[in-house]
Amino acid sequence: MAITWLYSGLGTAFALVALYFWVRALRLRRLLQDLPTSKTRGVFIGLVELKGTAEIEAPLTSYLAETVCVQYSWNVSEHWQRIVTYTETDKDGNTTTKTRIESGWISVASGGDASLFYLQDDTGTILIRPNGANIEGASVFSQNVTMLSPLYYGKGPGGSIPDSTGQRMFTETAIPLHAPIFIIGRARQREDIVAPEIAASPDAPLYLISTRTEEQVANGHGWIIWLTGFLILSLPGGGWAIDRNQQGTMLPADYLPAGWFMLGSLDMILLAWLYQVFNSMTELRNRVRQAESLVDIELKRRNDLIPELVRVVEAARAHEADVNLELAHLRAEASAEQLSGITGDVRAIAEAYPNLKANEIFLKLQQELADTEQRIAMARDYRNDTVTYANTRTERFPEGLIAWLAGLKQKSLLVTDGIERAAVKVNLAD
Amino acid sequence: MGGVLIGLLAAAGCFAVIALMAISIYNNLVSRRNEYKNSFAKVDVQLKRRYDLIPNLVESVKGAMAHERQTLDAVIQARNTAFAVSQKAADNPGDPDAMKKVGEAEAVLRGSMGRMFALAEAYPDLKANQNMLQLQGELGETENRIAMARQDFNDKVTLYNTSRETFPAIAFAGMMGFTTASLFEIDNPEERQNVRVKF
């Protein structure tokens with residue numbers, strides 16, 4: 001019997017497919033680990049990670065569970081079963097008729113809805129456009145019912161599929177209102193107001209809205225890495241063993257060459273690992289630079305904005321002093337003179353003249369000062385977080401060796417000078 | 001002979017695959033480069049907006065302040081004139097000329113007061129102050145727009161740089177003449193220092 005390579009070939013082909021998913025999971029897990037969580041107020045244009053709760057002004061009501069939510073998706077599957085009769089001819093030429101039972105589920109109806117919503121954290125809210133996102137909702141409804149249940153035709157379609165067993169499975173997932181969510185996506189500028197929003201983008205490696213925690217999502221990718229890694233190692237060698245086995249019974253020692261296939265698989269994994277770790281580290285290095293530049297952007301904003309606001313306040317103060325002086329004149333003279341009729345009117349002007357509110361302009365300046373410093377603090381935080389992740393990568397073994405190739409270097413964190421650490425004494429006396 | 005042919009075909013196939021990959025990398029880098037150039041232009045658009053908008057807003061605030069003060073000045077002046085004229089009339093009662101002047105002065109005073117009332121009514125809360133608050137708000141918003149445009153520029157530059165520095169593009173990008181793009185950076189280190197507010 002000729003040597004066949006059918007199963008070896010198939011095994012290798014499936015191993016290559018597994019390799020693709022292995023690399024992808026490795027990439028996404030590293031991205032999750034290297035991306036700091038931003039605060040909603042500190043979101044900048046680019047790829048960001050956010051944690052908070054799902055909020056909306058006019059919430060949706062889900063179809064099956066009738067949960068108050070921002071997004072839901074439901075599905076109805078119907079069960080079928082049939083007996084298949086088939087004939088089989090054995091090697092002696094005898095024909096026998098056999099039967100087997102086949103069964104399965106078919107989706108008969110599905111639907112859902114998602115609306116624009118807000119993610120809220122302790123610093124504020126940000127608009128989320130869920131269109132195009134990979135949404136991982138929480139399971140809010142799961143029931144297996146028979147035709148006797150009012151649910152069966154109440155919320156499922158009429159009629160039935162061929163060979164139906166009269167069983168339906170109703171499932172629904174949703175992002176409930178106020179539910180904690182985890183988002184990775186790209187922020188862009190809103191068109192209506194000067195603020196960022198999270199929306200689908202072709203440049204995003206992923207756009208995920210999940211009710212799971214970051215750790216659970218990362219662990220999920222970890223499982224994919226282990227599972228596909230196992231498949232990559234075992235499939236080519238296993239296929240080869242099946243090919244050989246079909247040529248007749250063999251001694252255990254005859255299977256030893258399968259080890260060469262495993263070694264080949266190991267090489268593939270190693271190469272893929274080098275490829276992805278190098279790329280991830282290059283990406284991380286560039287994100288560190290981006291974060292450093294973000295701090296510069298915020299410092300530049302402060303440098304350009306605050307002096308101008310101070311000038312406005314100064315002008316307002318001078319103007320208020322002028323006008324108050326003139327009003328004081330008017331009041332004093334109005335009460336001193338006895339001009340018939342008109343005296344009352346002049347006094348009325350002085351009294352009715354609205355209070356000057358340079359105060360509000362001062363308040364606005366204070367607000368903007370605090371806001372500006374918060375923006376800078378958030379940019380610095382983000383920069384330090386990114387640098388910390390990058391430093392950890394360069395110190396780990398063996399990936400630290402690749403960090404050198406990718407040009408990822410150790411950087412120090414931004415810390416204050418000693419004097420800035422001390423509590424600030426407020427001194428209002430001049 | 002057959003072996004050589006197969007070898008040649010295989011080499012041609014490999015070359016075709018590499019050439020196709022290089023073309024797709026080239027096209028991808030070209031669009032990324034144009035994207036960051038466009039984002040740079042968008043920062044310029046915002047800077048131009050600031051340059052055009054803020055001086056005009058400042059002028060209008062100045063105008064509002066001057067208008068307010070002039071209106072008030074007019075009342076005071078008219079009142080002073082009316083007072084002086086009526087003093088004269090009181091010294092010289094029966095002088096029809098003096099009485100006529102009192103009437104005229106009072107008319108001017110009433111007119112200026114009318115304008116004052118109109119000003120106060122048009123802006124019940126405040127006049128010039130309202131303008132100044134708006135100017136402050138617009139200053140803040142303008143800087144936010146600029147900051148956001150710069151973030152967008154940085155984002156596009158980072159996408160471009162990462163594309164050209166990762167596999168497989170790293171093998172071709174240098175040859176194709178794609179150089180590293182720079183992110184936003186403050187030129188003058190003094191601009192990084194804190195701004196001291198001092199009145």
# chains A, B, ... in the order shown; residues from 1 in each chain; ligands from 1
>>> interface_residues(of="chain A", to="chain B", cutoff="6 Å", atoms="only C-alpha atoms", output="list of chain:residue names")
A:Ile45, A:Gly46, A:Asn279, A:Glu283, A:Ser293, A:Leu299, A:Asn303, A:Ile361
>>> write_last_selection(atoms="N, CA and C atoms", output="short mmCIF file (atom, residue, chain, number, x, y, z; two decimals), in the first residue's frame")
data_model
loop_
_atom_site.label_atom_id
_atom_site.label_comp_id
_atom_site.auth_asym_id
_atom_site.auth_seq_id
_atom_site.Cartn_x
_atom_site.Cartn_y
_atom_site.Cartn_z
N ILE A 45 -7.67 61.35 21.43
CA ILE A 45 -7.96 60.75 20.14
C ILE A 45 -6.99 59.59 19.92
N GLY A 46 -7.52 58.40 19.73
CA GLY A 46 -6.68 57.22 19.56
C GLY A 46 -7.29 56.03 20.26
N ASN A 279 6.44 42.93 17.05
CA ASN A 279 5.44 43.91 16.60
C ASN A 279 4.74 44.58 17.78
N GLU A 283 4.87 48.57 18.74
CA GLU A 283 3.64 49.33 18.93
C GLU A 283 3.64 50.02 20.29
N SER A 293 3.98 62.82 24.13
CA SER A 293 3.55 63.98 23.35
C SER A 293 2.21 64.51 23.86
N LEU A 299 0.37 70.66 28.16
CA LEU A 299 1.18 71.77 28.69
C LEU A 299 1.08 72.98 27.76
N ASN A 303 -0.23 76.72 28.50
CA ASN A 303 0.60 77.87 28.20
C ASN A 303 -0.13 78.88 27.32
N ILE A 361 -16.55 85.96 36.20
CA ILE A 361 -15.40 85.80 35.31
C ILE A 361 -14.21 85.23 36.07
#
>>> select_by_dssp(residues="stretch 151-212 of chain A", states="helix (DSSP H, G or I)", output="PyMOL selection string")
chain A and resi 151-154
>>> write_last_selection(atoms="C-alpha atoms", output="PDB file, in the first residue's frame")
ATOM      1  CA  LEU A 151     -43.707  31.706  25.391  1.00  0.00           C
ATOM      2  CA  TYR A 152     -43.477  29.206  22.521  1.00  0.00           C
ATOM      3  CA  TYR A 153     -45.705  31.079  20.063  1.00  0.00           C
ATOM      4  CA  GLY A 154     -46.029  34.222  22.187  1.00  0.00           C
TER       5      GLY A 154
END
>>> closest_residue(among="A:Asp296, A:Pro162, A:Asp192, A:Leu284", to="A:Arg393", atoms="only C-alpha atoms")
A:Leu284
>>> atom_distance(atom1="atom CA of A:Arg129", atom2="atom CA of A:Pro180")
16.8 Å
>>> residues_around(residues="stretch 20-26 of chain A", least_positions_apart="4", cutoff="7 Å", atoms="only C-alpha atoms", output="number ranges by chain")
A: 16, 30, 221, 224-225, 228-229, 272, 276
>>> residues_around(residues="A:Gly156", least_positions_apart="3", cutoff="12 Å", atoms="only C-alpha atoms", output="ChimeraX atom specification")
/A:63-64,74-78,107-111,145-147,149-153,159-160,166-171
>>> residues_around(residues="A:Thr123", least_positions_apart="6", cutoff="12 Å", atoms="only C-alpha atoms", output="VMD selection string")
chain A and resid 38 to 43 50 to 52 371 374 to 375 378
>>> atom_distance(atom1="atom CA of A:Phe397", atom2="atom CA of A:Gln33")
16.2 Å
>>> atom_distance(atom1="atom CA of A:Pro236", atom2="atom CA of A:Gly11")
4.4 Å
>>> residues_around(residues="A:Thr173", least_positions_apart="3", cutoff="12 Å", atoms="only C-alpha atoms", output="VMD selection string")
chain A and resid 62 to 75 110 to 114 135 to 142 170 176 210 to 211
>>> decode(residues="stretch 51-96 of chain B", atoms="N, CA and C atoms", output="mmCIF file, in the first residue's frame")
data_model
loop_
_atom_site.group_PDB
_atom_site.id
_atom_site.type_symbol
_atom_site.label_atom_id
_atom_site.label_comp_id
_atom_site.auth_asym_id
_atom_site.auth_seq_id
_atom_site.Cartn_x
_atom_site.Cartn_y
_atom_site.Cartn_z
ATOM 1 N N TYR B 51 -6.656 82.284 15.275
ATOM 2 C CA TYR B 51 -6.066 83.538 14.829
ATOM 3 C C TYR B 51 -7.132 84.489 14.310
ATOM 4 N N ASP B 52 -8.120 83.935 13.607
ATOM 5 C CA ASP B 52 -9.165 84.778 13.018
ATOM 6 C C ASP B 52 -10.227 85.170 14.033
ATOM 7 N N LEU B 53 -10.525 84.254 14.927
ATOM 8 C CA LEU B 53 -11.689 84.436 15.789
ATOM 9 C C LEU B 53 -11.395 85.292 17.019
ATOM 10 N N ILE B 54 -10.329 84.968 17.731
ATOM 11 C CA ILE B 54 -10.116 85.579 19.046
ATOM 12 C C ILE B 54 -9.954 87.114 18.967
ATOM 13 N N PRO B 55 -9.121 87.655 18.038
ATOM 14 C CA PRO B 55 -9.010 89.121 17.982
ATOM 15 C C PRO B 55 -10.366 89.798 17.762
ATOM 16 N N ASN B 56 -11.210 89.191 16.936
ATOM 17 C CA ASN B 56 -12.527 89.781 16.690
ATOM 18 C C ASN B 56 -13.400 89.739 17.934
ATOM 19 N N LEU B 57 -13.333 88.623 18.653
ATOM 20 C CA LEU B 57 -14.105 88.535 19.892
ATOM 21 C C LEU B 57 -13.617 89.579 20.888
ATOM 22 N N VAL B 58 -12.296 89.722 20.971
ATOM 23 C CA VAL B 58 -11.729 90.699 21.895
ATOM 24 C C VAL B 58 -12.213 92.096 21.528
ATOM 25 N N GLU B 59 -12.212 92.419 20.218
ATOM 26 C CA GLU B 59 -12.693 93.734 19.774
ATOM 27 C C GLU B 59 -14.133 93.956 20.176
ATOM 28 N N SER B 60 -14.949 92.901 20.033
ATOM 29 C CA SER B 60 -16.373 93.079 20.336
ATOM 30 C C SER B 60 -16.568 93.270 21.833
ATOM 31 N N VAL B 61 -15.748 92.594 22.635
ATOM 32 C CA VAL B 61 -15.835 92.794 24.084
ATOM 33 C C VAL B 61 -15.421 94.214 24.433
ATOM 34 N N LYS B 62 -14.330 94.660 23.790
ATOM 35 C CA LYS B 62 -13.875 96.042 24.009
ATOM 36 C C LYS B 62 -14.994 97.010 23.657
ATOM 37 N N GLY B 63 -15.650 96.737 22.531
ATOM 38 C CA GLY B 63 -16.748 97.600 22.086
ATOM 39 C C GLY B 63 -17.854 97.643 23.120
ATOM 40 N N ALA B 64 -18.190 96.473 23.658
ATOM 41 C CA ALA B 64 -19.266 96.404 24.649
ATOM 42 C C ALA B 64 -18.893 97.190 25.902
ATOM 43 N N MET B 65 -17.620 97.063 26.307
ATOM 44 C CA MET B 65 -17.171 97.785 27.506
ATOM 45 C C MET B 65 -17.239 99.286 27.274
ATOM 46 N N ALA B 66 -16.738 99.711 26.100
ATOM 47 C CA ALA B 66 -16.717 101.151 25.784
ATOM 48 C C ALA B 66 -18.145 101.680 25.715
ATOM 49 N N HIS B 67 -19.045 100.911 25.104
ATOM 50 C CA HIS B 67 -20.430 101.338 24.947
ATOM 51 C C HIS B 67 -21.075 101.552 26.307
ATOM 52 N N GLU B 68 -20.810 100.600 27.200
ATOM 53 C CA GLU B 68 -21.379 100.681 28.534
ATOM 54 C C GLU B 68 -20.890 101.941 29.258
ATOM 55 N N ARG B 69 -19.586 102.175 29.153
ATOM 56 C CA ARG B 69 -19.012 103.320 29.856
ATOM 57 C C ARG B 69 -19.494 104.627 29.241
ATOM 58 N N GLN B 70 -19.561 104.663 27.905
ATOM 59 C CA GLN B 70 -20.010 105.888 27.225
ATOM 60 C C GLN B 70 -21.450 106.228 27.584
ATOM 61 N N THR B 71 -22.271 105.193 27.631
ATOM 62 C CA THR B 71 -23.675 105.431 27.962
ATOM 63 C C THR B 71 -23.796 106.026 29.357
ATOM 64 N N LEU B 72 -23.012 105.461 30.264
ATOM 65 C CA LEU B 72 -23.031 105.935 31.637
ATOM 66 C C LEU B 72 -22.472 107.366 31.715
ATOM 67 N N ASP B 73 -21.379 107.600 30.961
ATOM 68 C CA ASP B 73 -20.783 108.937 30.906
ATOM 69 C C ASP B 73 -21.800 109.949 30.414
ATOM 70 N N ALA B 74 -22.552 109.555 29.392
ATOM 71 C CA ALA B 74 -23.535 110.456 28.795
ATOM 72 C C ALA B 74 -24.574 110.860 29.829
ATOM 73 N N VAL B 75 -25.012 109.900 30.641
ATOM 74 C CA VAL B 75 -25.997 110.211 31.676
ATOM 75 C C VAL B 75 -25.419 111.230 32.645
ATOM 76 N N ILE B 76 -24.168 110.961 33.066
ATOM 77 C CA ILE B 76 -23.554 111.845 34.062
ATOM 78 C C ILE B 76 -23.377 113.255 33.505
ATOM 79 N N GLN B 77 -22.919 113.305 32.244
ATOM 80 C CA GLN B 77 -22.711 114.620 31.643
ATOM 81 C C GLN B 77 -24.027 115.378 31.491
ATOM 82 N N ALA B 78 -25.032 114.667 30.992
ATOM 83 C CA ALA B 78 -26.340 115.309 30.792
ATOM 84 C C ALA B 78 -26.902 115.782 32.124
ATOM 85 N N ARG B 79 -26.692 114.946 33.167
ATOM 86 C CA ARG B 79 -27.187 115.328 34.482
ATOM 87 C C ARG B 79 -26.480 116.591 34.974
ATOM 88 N N ASN B 80 -25.132 116.635 34.754
ATOM 89 C CA ASN B 80 -24.367 117.807 35.183
ATOM 90 C C ASN B 80 -24.846 119.065 34.477
ATOM 91 N N THR B 81 -25.050 118.958 33.169
ATOM 92 C CA THR B 81 -25.539 120.107 32.401
ATOM 93 C C THR B 81 -26.898 120.558 32.929
ATOM 94 N N ALA B 82 -27.793 119.583 33.115
ATOM 95 C CA ALA B 82 -29.140 119.915 33.576
ATOM 96 C C ALA B 82 -29.089 120.592 34.938
ATOM 97 N N PHE B 83 -28.188 120.102 35.780
ATOM 98 C CA PHE B 83 -28.062 120.666 37.120
ATOM 99 C C PHE B 83 -27.584 122.113 37.060
ATOM 100 N N ALA B 84 -26.545 122.344 36.232
ATOM 101 C CA ALA B 84 -25.976 123.688 36.106
ATOM 102 C C ALA B 84 -27.026 124.652 35.544
ATOM 103 N N VAL B 85 -27.728 124.204 34.517
ATOM 104 C CA VAL B 85 -28.715 125.064 33.881
ATOM 105 C C VAL B 85 -29.848 125.404 34.840
ATOM 106 N N SER B 86 -30.252 124.412 35.621
ATOM 107 C CA SER B 86 -31.375 124.677 36.530
ATOM 108 C C SER B 86 -30.951 125.583 37.683
ATOM 109 N N GLN B 87 -29.654 125.499 38.058
ATOM 110 C CA GLN B 87 -29.126 126.416 39.069
ATOM 111 C C GLN B 87 -29.235 127.853 38.563
ATOM 112 N N LYS B 88 -28.829 128.015 37.291
ATOM 113 C CA LYS B 88 -28.872 129.340 36.665
ATOM 114 C C LYS B 88 -30.305 129.867 36.649
ATOM 115 N N ALA B 89 -31.216 128.971 36.273
ATOM 116 C CA ALA B 89 -32.625 129.364 36.190
ATOM 117 C C ALA B 89 -33.155 129.741 37.568
ATOM 118 N N ALA B 90 -32.658 129.044 38.601
ATOM 119 C CA ALA B 90 -33.128 129.337 39.953
ATOM 120 C C ALA B 90 -32.646 130.711 40.404
ATOM 121 N N ASP B 91 -31.392 131.096 39.964
ATOM 122 C CA ASP B 91 -30.862 132.414 40.291
ATOM 123 C C ASP B 91 -31.657 133.517 39.579
ATOM 124 N N ASN B 92 -32.154 133.188 38.420
ATOM 125 C CA ASN B 92 -32.798 134.169 37.557
ATOM 126 C C ASN B 92 -34.218 133.753 37.174
ATOM 127 N N PRO B 93 -35.087 133.590 38.153
ATOM 128 C CA PRO B 93 -36.425 133.109 37.771
ATOM 129 C C PRO B 93 -37.135 134.135 36.910
ATOM 130 N N GLY B 94 -37.847 133.756 35.976
ATOM 131 C CA GLY B 94 -38.530 134.684 35.098
ATOM 132 C C GLY B 94 -37.795 134.918 33.815
ATOM 133 N N ASP B 95 -36.558 134.405 33.714
ATOM 134 C CA ASP B 95 -35.833 134.537 32.442
ATOM 135 C C ASP B 95 -36.289 133.428 31.506
ATOM 136 N N PRO B 96 -37.042 133.758 30.474
ATOM 137 C CA PRO B 96 -37.604 132.690 29.612
ATOM 138 C C PRO B 96 -36.521 131.900 28.917
#
